[in-house]
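Source file: data_9.cif; contents: mmCIF, C-alpha atoms.
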data_final
#
loop_
_atom_site.group_PDB
_atom_site.id
_atom_site.type_symbol
_atom_site.label_atom_id
_atom_site.label_comp_id
_atom_site.auth_asym_id
_atom_site.auth_seq_id
_atom_site.Cartn_x
_atom_site.Cartn_y
_atom_site.Cartn_z
ATOM 1 C CA MET A 23 -12.169 -5.325 -30.180
ATOM 2 C CA GLN A 24 -13.365 -8.102 -27.950
ATOM 3 C CA GLY A 25 -10.966 -9.984 -25.728
ATOM 4 C CA THR A 26 -10.778 -13.709 -25.417
ATOM 5 C CA PRO A 27 -13.940 -14.983 -23.742
ATOM 6 C CA LYS A 28 -13.353 -16.154 -20.195
ATOM 7 C CA ARG A 29 -13.815 -19.800 -19.457
ATOM 8 C CA PRO A 30 -16.661 -20.484 -17.037
ATOM 9 C CA ARG A 31 -15.574 -21.035 -13.470
ATOM 10 C CA ARG A 32 -15.393 -24.700 -12.626
ATOM 11 C CA ALA A 33 -15.920 -26.094 -9.164
ATOM 12 C CA PRO A 34 -13.446 -28.733 -7.961
ATOM 13 C CA THR A 35 -14.416 -32.204 -9.156
ATOM 14 C CA PRO A 36 -15.529 -34.807 -6.592
ATOM 15 C CA GLU A 37 -12.203 -36.585 -7.085
ATOM 16 C CA GLU A 38 -10.276 -33.363 -6.386
ATOM 17 C CA ARG A 39 -12.323 -32.815 -3.242
ATOM 18 C CA LYS A 40 -11.536 -36.361 -2.107
ATOM 19 C CA GLN A 41 -7.782 -35.727 -2.243
ATOM 20 C CA CYS A 42 -6.214 -35.135 1.113
ATOM 21 C CA PRO A 43 -7.062 -31.501 1.885
ATOM 22 C CA GLU A 44 -3.799 -30.979 3.736
ATOM 23 C CA ARG A 45 -1.803 -32.286 0.775
ATOM 24 C CA SER A 46 -3.703 -30.009 -1.618
ATOM 25 C CA ARG A 47 -3.176 -27.013 0.655
ATOM 26 C CA ARG A 48 0.542 -27.803 0.907
ATOM 27 C CA LEU A 49 0.904 -28.161 -2.878
ATOM 28 C CA LEU A 50 -0.853 -24.833 -3.414
ATOM 29 C CA LEU A 51 1.274 -23.075 -0.788
ATOM 30 C CA GLU A 52 4.496 -24.406 -2.327
ATOM 31 C CA ALA A 53 3.395 -23.410 -5.820
ATOM 32 C CA ALA A 54 2.305 -19.990 -4.582
ATOM 33 C CA MET A 55 5.653 -19.430 -2.887
ATOM 34 C CA ASP A 56 7.388 -20.198 -6.170
ATOM 35 C CA GLU A 57 5.123 -17.915 -8.207
ATOM 36 C CA PHE A 58 5.004 -15.000 -5.768
ATOM 37 C CA SER A 59 8.768 -15.074 -5.164
ATOM 38 C CA GLU A 60 9.411 -15.063 -8.923
ATOM 39 C CA LYS A 61 6.766 -12.526 -9.986
ATOM 40 C CA GLY A 62 5.445 -10.703 -6.930
ATOM 41 C CA PHE A 63 1.786 -10.584 -5.920
ATOM 42 C CA ALA A 64 0.608 -8.581 -8.927
ATOM 43 C CA GLY A 65 2.519 -10.658 -11.477
ATOM 44 C CA ALA A 66 1.530 -14.078 -10.161
ATOM 45 C CA ARG A 67 -1.538 -15.597 -11.796
ATOM 46 C CA VAL A 68 -3.916 -17.935 -9.997
ATOM 47 C CA GLN A 69 -3.965 -20.265 -13.017
ATOM 48 C CA ASP A 70 -0.164 -20.502 -12.987
ATOM 49 C CA ILE A 71 -0.171 -21.328 -9.265
ATOM 50 C CA ALA A 72 -2.779 -24.044 -9.810
ATOM 51 C CA ASP A 73 -0.931 -25.447 -12.836
ATOM 52 C CA ARG A 74 2.308 -25.582 -10.884
ATOM 53 C CA ALA A 75 0.517 -27.397 -8.061
ATOM 54 C CA GLY A 76 -1.242 -29.718 -10.504
ATOM 55 C CA LEU A 77 -4.635 -28.767 -9.079
ATOM 56 C CA ASN A 78 -7.833 -26.995 -10.123
ATOM 57 C CA LYS A 79 -7.526 -23.235 -9.557
ATOM 58 C CA GLN A 80 -10.912 -23.203 -7.806
ATOM 59 C CA LEU A 81 -9.234 -24.969 -4.891
ATOM 60 C CA ILE A 82 -7.380 -21.713 -4.173
ATOM 61 C CA THR A 83 -10.723 -20.055 -3.465
ATOM 62 C CA TYR A 84 -12.007 -23.141 -1.679
ATOM 63 C CA TYR A 85 -9.070 -23.372 0.737
ATOM 64 C CA PHE A 86 -7.804 -19.784 0.965
ATOM 65 C CA GLY A 87 -10.592 -17.510 -0.223
ATOM 66 C CA GLY A 88 -8.617 -16.459 -3.311
ATOM 67 C CA LYS A 89 -5.218 -15.168 -4.312
ATOM 68 C CA GLU A 90 -4.947 -12.621 -1.498
ATOM 69 C CA GLY A 91 -5.862 -15.210 1.121
ATOM 70 C CA LEU A 92 -3.208 -17.531 -0.260
ATOM 71 C CA TYR A 93 -0.667 -14.709 -0.115
ATOM 72 C CA ARG A 94 -1.583 -13.907 3.482
ATOM 73 C CA GLU A 95 -1.318 -17.565 4.452
ATOM 74 C CA LEU A 96 2.277 -17.575 3.219
ATOM 75 C CA GLY A 97 2.937 -14.715 5.653
ATOM 76 C CA ARG A 98 1.409 -16.704 8.512
ATOM 77 C CA GLU A 99 3.480 -19.746 7.477
ATOM 78 C CA TRP A 100 6.644 -17.639 7.722
ATOM 79 C CA LEU A 101 5.727 -16.412 11.218
ATOM 80 C CA ARG A 102 5.181 -19.997 12.379
ATOM 81 C CA ARG A 103 8.505 -21.068 10.894
ATOM 82 C CA GLU A 104 10.319 -18.058 12.346
ATOM 83 C CA ALA A 105 8.998 -18.920 15.811
ATOM 84 C CA THR A 106 10.891 -22.231 15.658
ATOM 85 C CA PHE A 107 14.334 -20.600 15.477
ATOM 86 C CA ASN A 108 13.993 -17.000 16.671
ATOM 87 C CA ASP A 109 14.964 -17.473 20.304
ATOM 88 C CA PRO A 110 15.683 -14.326 22.341
ATOM 89 C CA ALA A 111 17.895 -16.416 24.630
ATOM 90 C CA VAL A 112 20.518 -17.171 21.965
ATOM 91 C CA PRO A 113 23.400 -14.732 21.379
ATOM 92 C CA PHE A 114 22.769 -12.117 18.682
ATOM 93 C CA GLU A 115 25.501 -13.551 16.475
ATOM 94 C CA GLU A 116 23.817 -16.954 16.490
ATOM 95 C CA LEU A 117 20.377 -15.461 15.870
ATOM 96 C CA VAL A 118 21.562 -13.591 12.773
ATOM 97 C CA VAL A 119 23.240 -16.761 11.486
ATOM 98 C CA ARG A 120 19.979 -18.677 11.960
ATOM 99 C CA TYR A 121 18.222 -16.171 9.703
ATOM 100 C CA LEU A 122 21.063 -16.453 7.200
ATOM 101 C CA ARG A 123 20.783 -20.245 7.105
ATOM 102 C CA GLU A 124 17.032 -19.971 6.560
ATOM 103 C CA ALA A 125 17.684 -17.616 3.641
ATOM 104 C CA PHE A 126 20.299 -19.951 2.177
ATOM 105 C CA ASP A 127 18.061 -23.011 2.582
ATOM 106 C CA ASP A 128 15.061 -21.333 0.943
ATOM 107 C CA PRO A 129 15.773 -17.952 -0.694
ATOM 108 C CA ARG A 130 12.172 -17.636 -1.891
ATOM 109 C CA GLY A 131 11.126 -15.905 1.341
ATOM 110 C CA ILE A 132 13.754 -13.197 0.923
ATOM 111 C CA ARG A 133 12.810 -12.738 -2.727
ATOM 112 C CA LEU A 134 9.137 -12.464 -1.815
ATOM 113 C CA ALA A 135 9.942 -9.861 0.845
ATOM 114 C CA SER A 136 11.916 -7.917 -1.773
ATOM 115 C CA TRP A 137 8.943 -7.943 -4.151
ATOM 116 C CA GLN A 138 6.732 -6.704 -1.322
ATOM 117 C CA ALA A 139 9.087 -3.851 -0.541
ATOM 118 C CA LEU A 140 9.755 -2.798 -4.140
ATOM 119 C CA THR A 141 6.126 -2.886 -5.268
ATOM 120 C CA GLY A 142 4.441 -1.565 -2.138
ATOM 121 C CA GLU A 143 2.703 -4.886 -1.525
ATOM 122 C CA VAL A 144 3.724 -4.870 2.133
ATOM 123 C CA GLY A 145 0.346 -3.661 3.347
ATOM 124 C CA ASP A 146 -0.358 -2.667 6.925
ATOM 125 C CA GLU A 147 2.526 -4.333 8.724
ATOM 126 C CA PRO A 148 3.130 -3.064 12.248
ATOM 127 C CA ARG A 149 6.263 -1.158 13.118
ATOM 128 C CA GLU A 150 9.200 -3.380 14.077
ATOM 129 C CA ASP A 151 9.468 -4.050 17.801
ATOM 130 C CA LEU A 152 12.997 -3.058 18.828
ATOM 131 C CA SER A 153 12.670 -4.088 22.483
ATOM 132 C CA ASP A 154 14.801 -7.222 22.016
ATOM 133 C CA MET A 155 17.518 -5.193 20.267
ATOM 134 C CA ARG A 156 17.507 -2.666 23.110
ATOM 135 C CA ARG A 157 17.680 -5.473 25.666
ATOM 136 C CA ARG A 158 20.645 -6.960 23.819
ATOM 137 C CA GLN A 159 22.315 -3.541 23.760
ATOM 138 C CA ALA A 160 21.823 -3.148 27.521
ATOM 139 C CA ALA A 161 23.406 -6.597 27.971
ATOM 140 C CA GLY A 162 26.481 -5.547 25.972
ATOM 141 C CA GLU A 163 25.733 -7.435 22.746
ATOM 142 C CA LEU A 164 25.648 -4.087 20.911
ATOM 143 C CA ALA A 165 27.885 -1.107 21.585
ATOM 144 C CA ASP A 166 26.179 1.844 23.300
ATOM 145 C CA ASP A 167 26.865 4.232 20.412
ATOM 146 C CA LEU A 168 24.999 2.061 17.866
ATOM 147 C CA ASP A 169 21.403 2.666 16.874
ATOM 148 C CA PRO A 170 19.513 -0.648 17.337
ATOM 149 C CA ALA A 171 17.220 0.172 14.404
ATOM 150 C CA ALA A 172 20.199 0.754 12.101
ATOM 151 C CA VAL A 173 21.867 -2.465 13.267
ATOM 152 C CA LEU A 174 18.718 -4.464 12.605
ATOM 153 C CA LEU A 175 18.392 -3.030 9.093
ATOM 154 C CA MET A 176 22.074 -3.781 8.381
ATOM 155 C CA CYS A 177 21.536 -7.364 9.517
ATOM 156 C CA TYR A 178 18.517 -7.668 7.205
ATOM 157 C CA ALA A 179 20.720 -6.475 4.360
ATOM 158 C CA MET A 180 23.560 -8.899 5.170
ATOM 159 C CA VAL A 181 21.161 -11.844 5.393
ATOM 160 C CA SER A 182 19.256 -10.990 2.214
ATOM 161 C CA ALA A 183 22.129 -9.912 -0.064
ATOM 162 C CA PRO A 184 23.035 -13.377 -1.422
ATOM 163 C CA ALA A 185 19.396 -14.079 -2.388
ATOM 164 C CA THR A 186 18.619 -10.642 -3.795
ATOM 165 C CA MET A 187 21.940 -9.889 -5.496
ATOM 166 C CA PRO A 188 23.374 -13.200 -6.732
ATOM 167 C CA HIS A 189 25.048 -11.371 -9.618
ATOM 168 C CA ALA A 190 26.999 -9.249 -7.122
ATOM 169 C CA VAL A 191 28.174 -12.377 -5.315
ATOM 170 C CA ARG A 192 29.483 -13.747 -8.619
ATOM 171 C CA GLN A 193 31.173 -10.443 -9.514
ATOM 172 C CA ILE A 194 32.756 -9.836 -6.125
ATOM 173 C CA PHE A 195 33.556 -13.345 -4.912
ATOM 174 C CA GLY A 196 33.822 -15.150 -8.244
ATOM 175 C CA ILE A 197 31.707 -18.065 -6.981
ATOM 176 C CA GLU A 198 28.053 -19.048 -7.029
ATOM 177 C CA PRO A 199 25.907 -17.685 -4.160
ATOM 178 C CA ASP A 200 24.413 -21.115 -3.454
ATOM 179 C CA SER A 201 27.766 -22.927 -3.386
ATOM 180 C CA PRO A 202 28.949 -24.492 -0.107
ATOM 181 C CA GLU A 203 32.150 -22.446 -0.408
ATOM 182 C CA PHE A 204 30.280 -19.134 -0.481
ATOM 183 C CA ARG A 205 27.821 -20.145 2.234
ATOM 184 C CA GLU A 206 30.640 -21.045 4.603
ATOM 185 C CA ARG A 207 32.627 -17.904 3.824
ATOM 186 C CA TRP A 208 29.645 -15.554 4.119
ATOM 187 C CA GLU A 209 28.483 -17.067 7.395
ATOM 188 C CA GLU A 210 31.958 -16.794 8.899
ATOM 189 C CA GLN A 211 32.293 -13.165 7.851
ATOM 190 C CA LEU A 212 28.808 -12.305 9.063
ATOM 191 C CA ARG A 213 29.699 -13.764 12.458
ATOM 192 C CA ARG A 214 32.825 -11.580 12.578
ATOM 193 C CA VAL A 215 30.886 -8.432 11.665
ATOM 194 C CA VAL A 216 28.244 -9.082 14.333
ATOM 195 C CA ARG A 217 30.941 -9.709 16.961
ATOM 196 C CA HIS A 218 32.461 -6.327 16.147
ATOM 197 C CA LEU A 219 29.134 -4.679 16.965
ATOM 198 C CA ALA A 220 29.392 -5.714 20.618
ATOM 199 C CA ALA A 221 30.324 -3.296 23.373
#
Go ahead and express the file in the form of structure tokens.
Amino acid sequence: MQGTPKRPRRAPTPEERKQCPERSRRLLLEAAMDEFSEKGFAGARVQDIADRAGLNKQLITYYFGGKEGLYRELGREWLRREATFNDPAVPFEELVVRYLREAFDDPRGIRLASWQALTGEVGDEPREDLSDMRRRQAAGELADDLDPAAVLLMCYAMVSAPATMPHAVRQIFGIEPDSPEFRERWEEQLRRVVRHLAA
């Protein structure tokens, strides 16, 4: 039994090439973030990303070298964004809250990271550098009997829980995970937990 014949690949039209390249790249990145965070790398289709962006799918190859290049660019985008708020000089409590606010403002990143972890799409990421956690422990921000690696993983879990388990938020708190009431309550409790970790 023969499958549906594939449509011939179409190069971007002259009009599509004339569009602002930066705008096209941004539309594709936004659409890709939506698709990858909803379906993971394997489940996201290039055609669906292009349709969501309102652009020809060949522009994904043109700008990013294909689906994998687009996926990797999202990772680089996150690192650039993270660099704007991850400041080693701020207290640990404030740093964790900054990550929480990022997750609340755009939960797609947390959902994408969850897909990566659950499907093995993480790739060859380097081991986490714990030097900042150890420095914070030496400064008294973490008690001496705590394992910095365990604390960091617990903080990841606290930050990601509302985005990855919205049903649990509804069951336990009885409110929506994206409501101002929950955001305020969760942030306040997270601050208290992090303070209790100090020496």
Starting from the PyMOL selection byres ((chain A and resi 130) around 9), expand the selection into actual residues of this file and give them as a list of chain:residue names. A:Met55, A:Asp56, A:Phe58, A:Ser59, A:Glu60, A:Ala125, A:Asp128, A:Pro129, A:Gly131, A:Ile132, A:Arg133, A:Leu134, A:Ala135, A:Ala185
The PyMOL selection byres ((chain A and resi 173-178) around 9) - which residues does that actually catch in the file I just gave you? List them as an MDAnalysis selection string. chainID A and resid 118 121 152 155 164 168:172 179:183 212 216 219
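If you measure from each of A:Asp166, A:Tyr85, A:Glu95, A:Arg123 to Arg45 in chain A using all atoms listed in the file, the closest one turns out to be A:Tyr85.
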Name the closest residue to Asp127 in chain A among the candidates A:Ile71, A:Gly162, A:Glu147, A:Asp200; distances are taken between atoms, counting only C-alpha atoms. A:Asp200
Distance cut-off 9 Å, centre (26.1, -12.9, -5.3) in file coordinates, counting all atoms listed in the file: which residues qualify? Return them as a ChimeraX atom specification. /A:183-200,204
Missing atoms in range 53-66 of chain A need filling: write out N, CA and C atoms for it as a PDB file, in the coordinates of the input.
ATOM      1  N   ALA A  53       3.476 -24.006  -4.489  1.00  0.00           N
ATOM      2  CA  ALA A  53       3.395 -23.410  -5.820  1.00  0.00           C
ATOM      3  C   ALA A  53       3.264 -21.896  -5.724  1.00  0.00           C
ATOM      4  N   ALA A  54       2.483 -21.433  -4.762  1.00  0.00           N
ATOM      5  CA  ALA A  54       2.305 -19.990  -4.582  1.00  0.00           C
ATOM      6  C   ALA A  54       3.611 -19.330  -4.165  1.00  0.00           C
ATOM      7  N   MET A  55       4.371 -19.985  -3.300  1.00  0.00           N
ATOM      8  CA  MET A  55       5.653 -19.430  -2.887  1.00  0.00           C
ATOM      9  C   MET A  55       6.576 -19.285  -4.089  1.00  0.00           C
ATOM     10  N   ASP A  56       6.578 -20.283  -4.952  1.00  0.00           N
ATOM     11  CA  ASP A  56       7.388 -20.198  -6.170  1.00  0.00           C
ATOM     12  C   ASP A  56       6.936 -19.031  -7.043  1.00  0.00           C
ATOM     13  N   GLU A  57       5.647 -18.950  -7.312  1.00  0.00           N
ATOM     14  CA  GLU A  57       5.123 -17.915  -8.207  1.00  0.00           C
ATOM     15  C   GLU A  57       5.294 -16.513  -7.627  1.00  0.00           C
ATOM     16  N   PHE A  58       4.915 -16.330  -6.376  1.00  0.00           N
ATOM     17  CA  PHE A  58       5.004 -15.000  -5.768  1.00  0.00           C
ATOM     18  C   PHE A  58       6.454 -14.545  -5.636  1.00  0.00           C
ATOM     19  N   SER A  59       7.368 -15.478  -5.318  1.00  0.00           N
ATOM     20  CA  SER A  59       8.768 -15.074  -5.164  1.00  0.00           C
ATOM     21  C   SER A  59       9.401 -14.757  -6.510  1.00  0.00           C
ATOM     22  N   GLU A  60       8.883 -15.346  -7.591  1.00  0.00           N
ATOM     23  CA  GLU A  60       9.411 -15.063  -8.923  1.00  0.00           C
ATOM     24  C   GLU A  60       8.783 -13.816  -9.556  1.00  0.00           C
ATOM     25  N   LYS A  61       7.501 -13.565  -9.251  1.00  0.00           N
ATOM     26  CA  LYS A  61       6.766 -12.526  -9.986  1.00  0.00           C
ATOM     27  C   LYS A  61       6.104 -11.466  -9.113  1.00  0.00           C
ATOM     28  N   GLY A  62       6.148 -11.626  -7.799  1.00  0.00           N
ATOM     29  CA  GLY A  62       5.445 -10.703  -6.930  1.00  0.00           C
ATOM     30  C   GLY A  62       3.962 -11.020  -6.914  1.00  0.00           C
ATOM     31  N   PHE A  63       3.221 -10.324  -6.037  1.00  0.00           N
ATOM     32  CA  PHE A  63       1.786 -10.584  -5.920  1.00  0.00           C
ATOM     33  C   PHE A  63       1.057 -10.227  -7.213  1.00  0.00           C
ATOM     34  N   ALA A  64       1.325  -9.046  -7.741  1.00  0.00           N
ATOM     35  CA  ALA A  64       0.608  -8.581  -8.927  1.00  0.00           C
ATOM     36  C   ALA A  64       0.902  -9.434 -10.149  1.00  0.00           C
ATOM     37  N   GLY A  65       2.132  -9.901 -10.292  1.00  0.00           N
ATOM     38  CA  GLY A  65       2.519 -10.658 -11.477  1.00  0.00           C
ATOM     39  C   GLY A  65       2.129 -12.124 -11.450  1.00  0.00           C
ATOM     40  N   ALA A  66       1.882 -12.657 -10.269  1.00  0.00           N
ATOM     41  CA  ALA A  66       1.530 -14.078 -10.161  1.00  0.00           C
ATOM     42  C   ALA A  66       0.071 -14.277 -10.546  1.00  0.00           C
TER      43      ALA A  66
END
